[in-house]
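**Q** Here you go, protein23.txt (compact mmCIF, C-alpha atoms (C1' of nucleotides)):
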# COMPACT_ATOMS: atom_id res chain seq x y z
CA MET A 1 55.76 15.66 30.94
CA GLY A 2 54.04 17.20 33.95
CA ARG A 3 52.39 20.52 34.49
CA PRO A 4 53.48 23.10 31.90
CA SER A 5 55.81 25.79 33.18
CA VAL A 6 54.71 29.42 33.36
CA LYS A 7 58.06 30.52 34.69
CA ASP A 8 58.88 32.72 31.74
CA GLU A 9 55.63 34.68 31.90
CA ARG A 10 55.77 34.90 35.70
CA ARG A 11 59.33 36.16 35.43
CA GLU A 12 58.27 38.88 33.05
CA GLN A 13 55.31 39.77 35.25
CA ILE A 14 57.58 40.08 38.28
CA LEU A 15 60.24 42.09 36.49
CA ARG A 16 57.60 44.46 35.14
CA ALA A 17 56.32 45.02 38.66
CA TYR A 18 59.88 45.45 39.94
CA GLU A 19 60.54 48.03 37.24
CA THR A 20 57.46 49.98 38.30
CA CYS A 21 58.59 49.89 41.93
CA VAL A 22 62.12 50.97 41.07
CA ALA A 23 60.72 53.88 39.07
CA ARG A 24 58.54 54.91 42.02
CA PHE A 25 60.67 54.13 45.08
CA GLY A 26 64.21 53.75 43.80
CA VAL A 27 66.41 50.66 43.91
CA GLU A 28 66.74 50.74 47.71
CA GLY A 29 63.08 51.50 48.27
CA ALA A 30 61.71 48.65 46.14
CA SER A 31 61.03 45.98 48.78
CA LEU A 32 59.97 42.45 47.91
CA GLU A 33 56.64 43.13 49.60
CA LYS A 34 55.94 46.10 47.34
CA ILE A 35 57.01 44.17 44.25
CA ALA A 36 54.75 41.25 45.11
CA GLU A 37 51.83 43.60 45.74
CA GLN A 38 52.44 45.45 42.49
CA ALA A 39 52.59 42.14 40.60
CA GLY A 40 49.51 40.80 42.36
CA LEU A 41 51.43 37.72 43.45
CA ALA A 42 52.47 36.15 46.72
CA ARG A 43 55.95 37.12 47.82
CA PRO A 44 57.43 33.58 47.72
CA LEU A 45 56.69 33.47 43.99
CA ILE A 46 59.33 36.12 43.47
CA ARG A 47 61.94 33.90 44.99
CA HIS A 48 60.63 30.86 43.10
CA ASN A 49 60.64 32.51 39.68
CA VAL A 50 63.51 34.99 39.79
CA GLY A 51 65.54 34.58 42.98
CA ASN A 52 66.68 36.76 45.83
CA ARG A 53 67.25 40.48 45.94
CA ASP A 54 70.55 40.45 44.05
CA ASP A 55 69.18 38.11 41.38
CA LEU A 56 66.26 40.50 40.93
CA LEU A 57 68.47 43.53 40.36
CA ALA A 58 70.75 41.67 37.97
CA ALA A 59 67.74 40.47 35.98
CA LEU A 60 66.25 43.96 35.92
CA VAL A 61 69.46 45.55 34.69
CA ASP A 62 69.83 42.89 32.03
CA ARG A 63 66.25 43.34 30.88
CA PHE A 64 66.50 47.12 30.96
CA LEU A 65 69.66 47.22 28.85
CA SER A 66 68.47 44.80 26.19
CA ARG A 67 64.98 46.26 25.98
CA SER A 68 66.16 49.86 25.77
CA GLU A 69 68.71 48.96 23.10
CA ARG A 70 65.98 47.34 21.02
CA SER A 71 63.46 50.11 21.60
CA ILE A 72 65.89 52.89 20.71
CA GLN A 73 66.95 51.05 17.58
CA ARG A 74 63.32 50.51 16.61
CA MET A 75 62.58 54.21 17.07
CA ILE A 76 65.54 55.27 14.95
CA ASP A 77 64.68 52.77 12.23
CA ALA A 78 61.14 54.14 12.13
CA LEU A 79 62.30 57.73 11.53
CA PRO A 80 61.41 59.20 8.13
CA GLU A 81 64.25 60.17 5.82
CA SER A 82 63.35 63.85 5.77
CA ARG A 83 63.09 65.88 8.96
CA ALA A 84 64.37 62.95 10.98
CA THR A 85 65.70 65.16 13.80
CA GLU A 86 62.43 67.04 14.13
CA THR A 87 60.49 63.78 14.19
CA LEU A 88 62.83 62.31 16.80
CA ILE A 89 62.26 65.32 19.06
CA ASP A 90 58.53 65.09 18.42
CA TRP A 91 58.56 61.51 19.65
CA LEU A 92 60.89 62.06 22.60
CA PHE A 93 58.72 64.87 23.97
CA ASP A 94 55.34 63.33 23.22
CA PRO A 95 54.08 61.98 26.55
CA ASN A 96 51.87 59.47 24.70
CA TYR A 97 54.67 58.07 22.62
CA SER A 98 57.62 58.25 25.00
CA ASP A 99 57.54 56.10 28.13
CA ALA A 100 58.47 58.15 31.19
CA GLN A 101 58.99 55.02 33.28
CA PHE A 102 61.87 54.12 31.02
CA VAL A 103 63.75 57.29 32.01
CA LEU A 104 62.76 56.95 35.68
CA VAL A 105 64.24 53.45 35.80
CA ALA A 106 67.40 54.71 34.14
CA GLU A 107 67.70 57.50 36.71
CA ALA A 108 67.16 55.07 39.59
CA LEU A 109 69.85 52.76 38.22
CA ILE A 110 72.20 55.71 37.76
CA ALA A 111 71.57 56.80 41.35
CA ALA A 112 72.27 53.26 42.57
CA SER A 113 75.52 53.26 40.60
CA GLN A 114 77.23 55.10 43.42
CA GLU A 115 77.02 51.95 45.57
CA ASP A 116 77.74 49.49 42.74
CA PRO A 117 80.79 50.02 40.49
CA ALA A 118 79.78 47.24 38.09
CA LEU A 119 76.40 48.88 37.60
CA ALA A 120 78.14 52.22 37.12
CA THR A 121 80.15 50.80 34.24
CA LEU A 122 77.02 49.46 32.55
CA MET A 123 75.05 52.66 33.01
CA LYS A 124 77.93 54.81 31.77
CA ARG A 125 77.99 52.80 28.58
CA TRP A 126 74.20 53.00 28.33
CA THR A 127 74.22 56.78 28.71
CA ARG A 128 76.96 57.25 26.14
CA ASP A 129 75.20 54.84 23.75
CA PHE A 130 71.96 56.77 24.01
CA ILE A 131 73.69 60.07 23.31
CA ALA A 132 75.55 58.43 20.42
CA SER A 133 72.26 57.27 18.92
CA VAL A 134 70.91 60.81 18.98
CA ARG A 135 74.20 62.02 17.52
CA GLY A 136 73.81 59.60 14.63
CA VAL A 137 70.43 61.03 13.70
CA LEU A 138 71.75 64.59 13.95
CA GLN A 139 74.80 63.85 11.81
CA ASN A 140 72.64 62.38 9.07
CA GLU A 141 70.83 65.65 8.71
CA ALA A 142 73.72 68.01 9.38
CA PRO A 143 76.72 66.26 7.82
CA ASN A 144 78.73 69.47 7.76
CA ALA A 145 78.47 70.16 11.47
CA SER A 146 81.65 69.93 13.50
CA SER A 147 82.21 66.90 15.68
CA ASP A 148 82.19 69.04 18.81
CA ASP A 149 78.90 70.64 17.88
CA LEU A 150 77.38 67.24 17.18
CA ASP A 151 78.55 66.02 20.58
CA ALA A 152 77.14 69.09 22.27
CA VAL A 153 73.72 69.05 20.63
CA ALA A 154 73.36 65.29 21.13
CA ALA A 155 74.20 65.59 24.84
CA GLY A 156 71.92 68.62 25.08
CA VAL A 157 68.89 67.01 23.43
CA ALA A 158 69.35 63.80 25.42
CA GLY A 159 69.80 65.74 28.66
CA ILE A 160 66.72 67.89 28.12
CA TYR A 161 64.75 64.75 27.30
CA PHE A 162 65.92 62.87 30.40
CA ASN A 163 65.22 65.82 32.61
CA THR A 164 61.74 66.37 31.17
CA ASP A 165 60.65 62.81 31.87
CA SER A 166 62.24 62.87 35.31
CA LEU A 167 59.76 65.62 36.26
CA THR A 168 56.72 63.42 35.60
CA PRO A 169 56.27 62.21 39.21
CA MET A 170 55.13 65.73 40.12
CA GLY A 171 52.19 65.48 37.74
CA ASP A 172 51.33 67.85 34.93
CA MET A 173 54.19 70.13 33.91
CA SER A 174 53.18 70.53 30.29
CA ASP A 175 54.39 74.14 30.22
CA VAL A 176 57.91 73.05 31.11
CA ARG A 177 57.64 70.10 28.74
CA ASN A 178 56.68 72.35 25.84
CA ALA A 179 59.43 74.84 26.61
CA SER A 180 61.92 71.98 26.85
CA LYS A 181 60.86 70.63 23.48
CA ARG A 182 61.30 74.07 21.95
CA ALA A 183 64.78 74.20 23.43
CA ALA A 184 65.67 70.84 21.90
CA LEU A 185 64.46 72.07 18.52
CA MET A 186 66.46 75.29 18.88
CA LEU A 187 69.57 73.24 19.54
CA ALA A 188 68.95 71.12 16.46
CA VAL A 189 68.40 74.20 14.31
CA SER A 190 71.53 75.92 15.56
CA LEU A 191 73.43 72.82 14.48
CA GLU A 192 72.23 73.06 10.91
CA ARG A 193 73.10 76.76 10.82
CA SER A 194 76.64 76.36 12.12
CA MET G 1 69.95 78.02 83.57
CA GLY G 2 71.00 74.40 83.18
CA ARG G 3 73.12 72.68 80.63
CA PRO G 4 73.31 74.67 77.39
CA SER G 5 71.33 73.24 74.50
CA VAL G 6 73.09 72.00 71.39
CA LYS G 7 69.81 71.13 69.73
CA ASP G 8 70.23 73.60 66.88
CA GLU G 9 73.67 72.34 65.89
CA ARG G 10 72.63 68.70 66.31
CA ARG G 11 69.59 69.36 64.18
CA GLU G 12 71.74 70.79 61.42
CA GLN G 13 74.18 67.90 61.71
CA ILE G 14 71.35 65.39 61.40
CA LEU G 15 69.67 67.15 58.50
CA ARG G 16 72.97 67.35 56.65
CA ALA G 17 73.44 63.61 57.09
CA TYR G 18 69.84 62.99 56.05
CA GLU G 19 70.39 65.07 52.92
CA THR G 20 73.43 62.99 52.02
CA CYS G 21 71.46 59.78 52.50
CA VAL G 22 68.54 61.05 50.44
CA ALA G 23 70.94 61.99 47.66
CA ARG G 24 72.47 58.50 47.76
CA PHE G 25 69.54 56.19 48.55
CA GLY G 26 66.42 58.22 47.79
CA VAL G 27 63.71 59.25 50.21
CA GLU G 28 62.47 55.67 50.76
CA GLY G 29 65.96 54.26 51.04
CA ALA G 30 67.23 56.68 53.69
CA SER G 31 66.68 54.67 56.88
CA LEU G 32 67.20 56.15 60.34
CA GLU G 33 70.06 53.70 60.81
CA LYS G 34 71.89 55.02 57.75
CA ILE G 35 71.26 58.62 58.74
CA ALA G 36 72.61 58.04 62.24
CA GLU G 37 75.70 56.31 60.85
CA GLN G 38 76.25 59.11 58.34
CA ALA G 39 75.92 61.72 61.10
CA GLY G 40 78.16 59.76 63.46
CA LEU G 41 75.47 59.83 66.12
CA ALA G 42 73.38 57.27 67.97
CA ARG G 43 70.00 56.69 66.39
CA PRO G 44 67.93 57.88 69.36
CA LEU G 45 69.51 61.32 68.97
CA ILE G 46 67.66 61.70 65.68
CA ARG G 47 64.35 61.30 67.40
CA HIS G 48 65.43 63.52 70.27
CA ASN G 49 66.59 66.40 68.12
CA VAL G 50 64.36 66.28 65.06
CA GLY G 51 61.57 63.73 65.51
CA ASN G 52 60.21 60.75 63.67
CA ARG G 53 60.39 59.90 60.00
CA ASP G 54 57.72 62.35 58.88
CA ASP G 55 59.20 65.17 60.96
CA LEU G 56 62.56 64.48 59.34
CA LEU G 57 61.20 64.74 55.80
CA ALA G 58 59.25 67.89 56.58
CA ALA G 59 62.37 69.49 58.08
CA LEU G 60 64.49 68.42 55.13
CA VAL G 61 62.06 69.85 52.58
CA ASP G 62 61.86 73.09 54.51
CA ARG G 63 65.62 73.36 54.77
CA PHE G 64 66.11 72.44 51.12
CA LEU G 65 63.64 75.02 49.86
CA SER G 66 64.95 77.91 51.96
CA ARG G 67 68.60 77.07 51.38
CA SER G 68 68.26 76.67 47.64
CA GLU G 69 66.32 79.90 47.36
CA ARG G 70 69.08 81.75 49.19
CA SER G 71 71.89 80.03 47.28
CA ILE G 72 70.37 80.71 43.87
CA GLN G 73 69.76 84.33 44.79
CA ARG G 74 73.33 84.65 46.01
CA MET G 75 74.67 83.17 42.78
CA ILE G 76 72.60 85.53 40.63
CA ASP G 77 73.58 88.55 42.71
CA ALA G 78 77.23 87.64 42.26
CA LEU G 79 77.00 87.56 38.47
CA PRO G 80 78.99 90.28 36.65
CA GLU G 81 77.05 92.82 34.59
CA SER G 82 78.66 91.80 31.33
CA ARG G 83 78.50 88.24 30.05
CA ALA G 84 76.22 87.26 32.90
CA THR G 85 74.71 84.30 31.00
CA GLU G 86 78.10 82.89 30.08
CA THR G 87 79.27 83.23 33.67
CA LEU G 88 76.12 81.56 34.98
CA ILE G 89 76.69 78.59 32.69
CA ASP G 90 80.34 78.50 33.71
CA TRP G 91 79.29 78.20 37.32
CA LEU G 92 76.47 75.70 36.78
CA PHE G 93 78.74 73.33 34.90
CA ASP G 94 81.82 73.73 37.08
CA PRO G 95 81.95 70.63 39.29
CA ASN G 96 83.99 72.55 41.87
CA TYR G 97 81.55 75.42 42.12
CA SER G 98 78.23 73.67 41.64
CA ASP G 99 77.10 71.20 44.29
CA ALA G 100 75.87 67.99 42.67
CA GLN G 101 74.24 66.85 45.91
CA PHE G 102 71.88 69.78 45.64
CA VAL G 103 70.49 68.46 42.35
CA LEU G 104 70.43 64.86 43.60
CA VAL G 105 68.32 65.86 46.59
CA ALA G 106 65.99 67.76 44.29
CA GLU G 107 65.61 64.71 42.04
CA ALA G 108 64.93 62.46 45.02
CA LEU G 109 62.26 64.83 46.30
CA ILE G 110 60.73 65.04 42.83
CA ALA G 111 60.65 61.24 42.62
CA ALA G 112 59.00 61.05 46.05
CA SER G 113 56.39 63.57 44.88
CA GLN G 114 54.43 60.78 43.23
CA GLU G 115 53.48 59.46 46.67
CA ASP G 116 53.02 62.87 48.31
CA PRO G 117 50.78 65.47 46.62
CA ALA G 118 51.78 68.22 49.06
CA LEU G 119 55.43 67.65 48.25
CA ALA G 120 54.56 67.64 44.55
CA THR G 121 53.07 71.13 44.88
CA LEU G 122 56.19 72.43 46.61
CA MET G 123 58.59 70.85 44.13
CA LYS G 124 56.61 72.07 41.15
CA ARG G 125 56.93 75.61 42.45
CA TRP G 126 60.62 75.05 43.17
CA THR G 127 61.26 73.79 39.63
CA ARG G 128 59.40 76.67 38.03
CA ASP G 129 61.17 79.17 40.29
CA PHE G 130 64.56 77.81 39.32
CA ILE G 131 63.75 78.05 35.62
CA ALA G 132 62.37 81.55 36.19
CA SER G 133 65.64 82.60 37.82
CA VAL G 134 67.60 81.43 34.80
CA ARG G 135 65.10 83.18 32.56
CA GLY G 136 65.70 86.44 34.42
CA VAL G 137 69.42 86.31 33.73
CA LEU G 138 68.80 85.49 30.07
CA GLN G 139 66.30 88.30 29.61
CA ASN G 140 68.72 90.83 31.04
CA GLU G 141 71.20 90.03 28.31
CA ALA G 142 68.75 89.40 25.48
CA PRO G 143 65.95 91.89 26.12
CA ASN G 144 64.69 91.60 22.54
CA ALA G 145 64.16 87.86 22.64
CA SER G 146 60.59 86.59 22.46
CA SER G 147 58.92 85.36 25.61
CA ASP G 148 58.59 81.86 24.16
CA ASP G 149 62.27 81.73 23.28
CA LEU G 150 63.20 82.89 26.76
CA ASP G 151 61.01 80.18 28.27
CA ALA G 152 62.55 77.57 26.00
CA VAL G 153 66.18 78.46 26.60
CA ALA G 154 65.65 78.80 30.35
CA ALA G 155 64.01 75.37 30.54
CA GLY G 156 66.71 73.96 28.27
CA VAL G 157 69.67 75.31 30.25
CA ALA G 158 68.09 74.28 33.55
CA GLY G 159 67.26 70.83 32.20
CA ILE G 160 70.73 70.22 30.83
CA TYR G 161 72.19 71.35 34.15
CA PHE G 162 69.94 69.08 36.22
CA ASN G 163 70.64 66.15 33.99
CA THR G 164 74.38 66.69 34.05
CA ASP G 165 74.54 66.65 37.85
CA SER G 166 72.20 63.68 38.03
CA LEU G 167 74.86 61.64 36.22
CA THR G 168 77.48 62.17 38.94
CA PRO G 169 76.76 58.94 40.87
CA MET G 170 78.33 57.02 37.98
CA GLY G 171 81.65 58.74 38.50
CA ASP G 172 83.63 60.69 35.93
CA MET G 173 81.63 61.68 32.88
CA SER G 174 83.55 64.83 32.06
CA ASP G 175 83.15 64.28 28.32
CA VAL G 176 79.38 64.40 28.65
CA ARG G 177 79.62 67.29 31.08
CA ASN G 178 81.71 69.33 28.64
CA ALA G 179 79.41 68.54 25.74
CA SER G 180 76.41 69.50 27.89
CA LYS G 181 77.99 72.81 28.80
CA ARG G 182 78.64 73.54 25.14
CA ALA G 183 74.98 72.80 24.43
CA ALA G 184 73.86 75.23 27.12
CA LEU G 185 76.08 77.91 25.63
CA MET G 186 74.74 77.20 22.13
CA LEU G 187 71.23 77.68 23.43
CA ALA G 188 72.15 81.00 25.02
CA VAL G 189 73.82 82.19 21.85
CA SER G 190 70.89 81.23 19.67
CA LEU G 191 68.72 83.37 21.94
CA GLU G 192 70.80 86.46 21.35
CA ARG G 193 70.72 85.83 17.60
CA SER G 194 66.98 85.39 17.34
C1' DA O 1 77.60 71.63 96.60
C1' DT O 2 73.01 71.54 95.13
C1' DT O 3 69.76 72.25 91.82
C1' DT O 4 68.24 72.54 87.32
C1' DT O 5 68.16 71.79 82.60
C1' DA O 6 69.04 69.09 78.87
C1' DA O 7 72.13 65.79 76.36
C1' DT O 8 73.02 61.08 75.98
C1' DT O 9 72.49 56.21 76.48
C1' DA O 10 69.94 51.91 77.32
C1' DT O 11 66.30 49.25 76.47
C1' DC O 12 61.78 47.63 74.74
C1' DA O 13 57.99 46.24 71.83
C1' DA O 14 55.89 46.32 67.40
C1' DA O 15 56.19 46.08 62.70
C1' DG O 16 58.38 45.05 58.47
C1' DT O 17 61.77 42.55 55.55
C1' DT O 18 64.30 38.70 53.94
C1' DG O 19 65.78 33.94 52.89
C1' DA O 20 64.54 29.43 52.87
C1' DA O 21 62.20 24.92 53.25
C1' DA O 22 58.29 22.01 53.50
C1' DA O 23 53.72 20.94 52.26
C1' DT O 24 50.00 21.19 49.17
C1' DC O 25 47.66 21.61 44.89
C1' DA O 26 47.05 21.47 39.60
C1' DA O 27 47.71 19.80 35.11
C1' DA O 28 49.60 17.01 31.81
C1' DT O 29 50.96 12.16 30.14
C1' DA O 30 51.19 7.13 30.18
C1' DT B 1 43.46 6.51 37.01
C1' DA B 2 48.23 6.75 38.64
C1' DT B 3 52.29 9.25 38.11
C1' DT B 4 55.08 12.95 37.41
C1' DT B 5 56.36 17.61 37.04
C1' DG B 6 56.09 21.93 38.63
C1' DA B 7 53.09 25.91 40.42
C1' DT B 8 51.42 27.64 44.61
C1' DT B 9 50.77 28.18 49.46
C1' DT B 10 52.16 27.75 54.13
C1' DT B 11 55.22 28.35 57.57
C1' DC B 12 59.57 29.40 60.04
C1' DA B 13 63.55 31.84 61.87
C1' DA B 14 66.73 35.64 61.55
C1' DC B 15 67.33 40.23 60.96
C1' DT B 16 66.30 45.20 60.34
C1' DT B 17 63.74 49.22 61.09
C1' DT B 18 60.90 52.18 63.65
C1' DG B 19 58.74 54.59 67.56
C1' DA B 20 58.91 55.29 72.18
C1' DT B 21 60.15 55.53 77.20
C1' DA B 22 63.07 55.29 81.10
C1' DA B 23 67.52 55.83 83.14
C1' DT B 24 71.81 58.05 83.25
C1' DT B 25 75.20 61.53 82.67
C1' DA B 26 77.01 66.32 81.84
C1' DA B 27 77.16 71.21 82.31
C1' DA B 28 75.71 75.50 83.90
C1' DA B 29 73.70 78.70 87.71
C1' DT B 30 72.52 79.75 92.43
Please express the file's structure as structure tokens.

**A**
Amino acid sequence: MGRPSVKDERREQILRAYETCVARFGVEGASLEKIAEQAGLARPLIRHNVGNRDDLLAALVDRFLSRSERSIQRMIDALPESRATETLIDWLFDPNYSDAQFVLVAEALIAASQEDPALATLMKRWTRDFIASVRGVLQNEAPNASSDDLDAVAAGVAGIYFNTDSLTPMGDMSDVRNASKRAALMLAVSLERS
Amino acid sequence: MGRPSVKDERREQILRAYETCVARFGVEGASLEKIAEQAGLARPLIRHNVGNRDDLLAALVDRFLSRSERSIQRMIDALPESRATETLIDWLFDPNYSDAQFVLVAEALIAASQEDPALATLMKRWTRDFIASVRGVLQNEAPNASSDDLDAVAAGVAGIYFNTDSLTPMGDMSDVRNASKRAALMLAVSLERS
DNA sequence: ATTTTAATTATCAAAGTTGAAAATCAAATA
DNA sequence: TATTTGATTTTCAACTTTGATAATTAAAAT
């Protein structure tokens, strides 16, 4: 054997930096220069460890989809049996627990979907899957709710959550965040009452 | 006099094209080349009629803020006296009436706020003003609702609306759009009941 | 028709971005 | 220690983007 490979760690390091850049500058604004600077690496290392621009985006999308699937599943599995919906909303709207960059990356990929039909297909599925996950939690606690109401409240809670995190680049908006959380809770309550 | 100036029309034409590019590629991704192509003009005309990159962004922000203020006011003034909230939600979630590009530009400017504190201040005010406008309509129809509930439902309806339009780059998501609209209506109803 | 005003086009240099290959350096094993 | 494997650095050429100026053309008024 020769020198041990650090390709896997480097790859992760680069994709993390790329993710940060996509969250901040969008897919089109994330240049290789910025990614290299963010990662603290020389630019040629990006090419060496991941590939060219297209390879980067493909790797990022892949990583984003698998990681978000796992992280959502982990969150749902960690929910308590009682007051699961309330706890879910607590977590989604807690800036310490929820990772705003996750939503910002999703929004950037959604925006880039207009230029990339294949990406659009993936992100459509991702969006619907996320809403479906929320719906599952809601249904557990409100088994008598109508299917339409479940759909509505799931889309509503998910939408309010996405929007709240998408405001984070402006800095502190805790008043809007708190009001948004209250709205999500109101939606959940109106489901149980219906 | 000499040759009549078309600067004002050209300026509008360029800013419209810039807006489209910002909605599609983000603030960092909207290059002068793309803007010129979108406007159907030679690139030097951008500089001649509006200025350099910074001048462009400043003009776009200015135009966006004044136009959205007017358009929101116009929409609210056009609301009928009875069932104003329901009508507002009808309009916000009607893809033919509501202009998705408007929300996409707002999201792009919000994303760019992270790199531009002055822009952040403007967009914070814009966001709060929009929510306040919705709150005004809600309060008119539910004068007995608590201030906190009004804040919550206004933030919720606005958030669901923003999020819904931010999904448009992926193409048809009418199922999610319909569910989101139902959620907004549920929020409004729960306000009147409280 | 000449003048005047301004739109439009042509062109340039500087800076930034990308893709790629070659050269160098570091760490493990035989 | 020599070899081998692969990380890292250096370097190059092509291309894009930006900012700016000069030259040209078009339309109105005197």

**Q** Provide the atom CA of G:Val6 to atom C1' of O:DT3 distance in Å, to one decimal place.

**A**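 Going from atom CA of G:Val6 over to atom C1' of O:DT3, I get 20.7 Å.
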
**Q** Got a sec: who's within 8 Å of stretch 38-47 of chain G, counting all atoms listed in the file, leaving out chain neighbours fewer than 4 positions off, as a PDB file with C-alpha atoms (C1' of nucleotides), keeping the file's coordinate frame?

**A**
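As written to disk, around-v3.pdb reads:
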ATOM      1  CA  GLN G  13      74.180  67.900  61.710  1.00  0.00           C
ATOM      2  CA  ILE G  14      71.350  65.390  61.400  1.00  0.00           C
ATOM      3  CA  ARG G  16      72.970  67.350  56.650  1.00  0.00           C
ATOM      4  CA  ALA G  17      73.440  63.610  57.090  1.00  0.00           C
ATOM      5  CA  TYR G  18      69.840  62.990  56.050  1.00  0.00           C
ATOM      6  CA  THR G  20      73.430  62.990  52.020  1.00  0.00           C
ATOM      7  CA  CYS G  21      71.460  59.780  52.500  1.00  0.00           C
ATOM      8  CA  LEU G  32      67.200  56.150  60.340  1.00  0.00           C
ATOM      9  CA  GLU G  33      70.060  53.700  60.810  1.00  0.00           C
ATOM     10  CA  LYS G  34      71.890  55.020  57.750  1.00  0.00           C
ATOM     11  CA  GLY G  51      61.570  63.730  65.510  1.00  0.00           C
ATOM     12  CA  ASN G  52      60.210  60.750  63.670  1.00  0.00           C
TER      13      ASN G  52
ATOM     14  C1'  DT O   8      73.020  61.080  75.980  1.00  0.00           C
TER      15       DT O   8
END

**Q** Go through G:Leu187, G:Leu109, G:Ala30, G:Leu122 one by one, measure the shortest atom-to-atom distance of each to chain B using all atoms listed in the file, and give the residue with the smallest value.

**A** G:Ala30

**Q** Write out, as a tab-separated table, each residue of chain B that has an atom at most 9 Å from chain A, together with the closest pair of atoms and their distance in Å to one decimal, counting all atoms listed in the file, rows going by chain and rising number.

**A**
residue	atom	partner	partner_atom	distance
B:DT4	C1'	A:Gly2	CA	5.6
B:DT5	C1'	A:Gly2	CA	3.9
B:DG6	C1'	A:Arg3	CA	5.7
B:DA7	C1'	A:Ser5	CA	7.7
B:DT8	C1'	A:Leu45	CA	7.9
B:DT9	C1'	A:Ala42	CA	8.6

**Q** Would you list the residues near (77.0, 70.3, 12.8) (no more than 10 Å away, in the coordinates of the file, using only C-alpha atoms (C1' of nucleotides)) as JSON, numbers by chain?

**A** {"A": [135, 138, 139, 140, 141, 142, 143, 144, 145, 146, 147, 148, 149, 150, 151, 152, 153, 188, 189, 190, 191, 192, 193, 194]}

**Q** Could you list, as a ChimeraX atom specification, the residues of chain A having an atom within 6 Å of chain G when counting only C-alpha atoms?

**A** /A:28-29,111,113-114,120,151-153,155-156,159-160,163,169-170,179-180,182-183

**Q** So the first atom is atom CA of A:Arg70 and the second is atom CA of A:Ser98; what is the distance between them in Å, to one decimal place?

**A** 14.3 Å

**Q** Between A:Asp94, A:Asp165, A:Asp99, A:Asp54, which one has atoms that come closest to chain O, using only C-alpha atoms (C1' of nucleotides)?

**A** A:Asp54

**Q** At most 6 Å is the cut-off: for each residue in chain O with any atom that close to an atom of chain G, write down the nearest atom pair and the distance in Å rounded to one decimal, counting only C-alpha atoms (C1' of nucleotides), chain first then increasing number, as a Markdown table.

**A**
| residue | atom | partner | partner_atom | distance |
| --- | --- | --- | --- | --- |
| O:DT4 | C1' | G:Gly2 | CA | 5.3 |
| O:DT5 | C1' | G:Gly2 | CA | 3.9 |
| O:DA6 | C1' | G:Arg3 | CA | 5.7 |

**Q** Can you tell me how far atom C1' of B:DA23 sits from atom C1' of O:DT9, in Å to one decimal?

**A**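 Rounded to one decimal, the two atoms are 8.3 Å apart.
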
**Q** Under the rule that only C-alpha atoms are counted, which of A:Val61, A:Val22, A:Leu88, A:Val105 is the nearest residue to A:Arg74?

**A**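 Between A:Val61, A:Val22, A:Leu88, A:Val105, the residue approaching A:Arg74 most closely is A:Leu88.
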
**Q** What's the 9 Å shell around B:DT10, counting only C-alpha atoms (C1' of nucleotides), without same-chain residues fewer than 4 positions away, as a list in words?

**A**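 Here the answer would be DA22, DA23 and DT24 of chain O.
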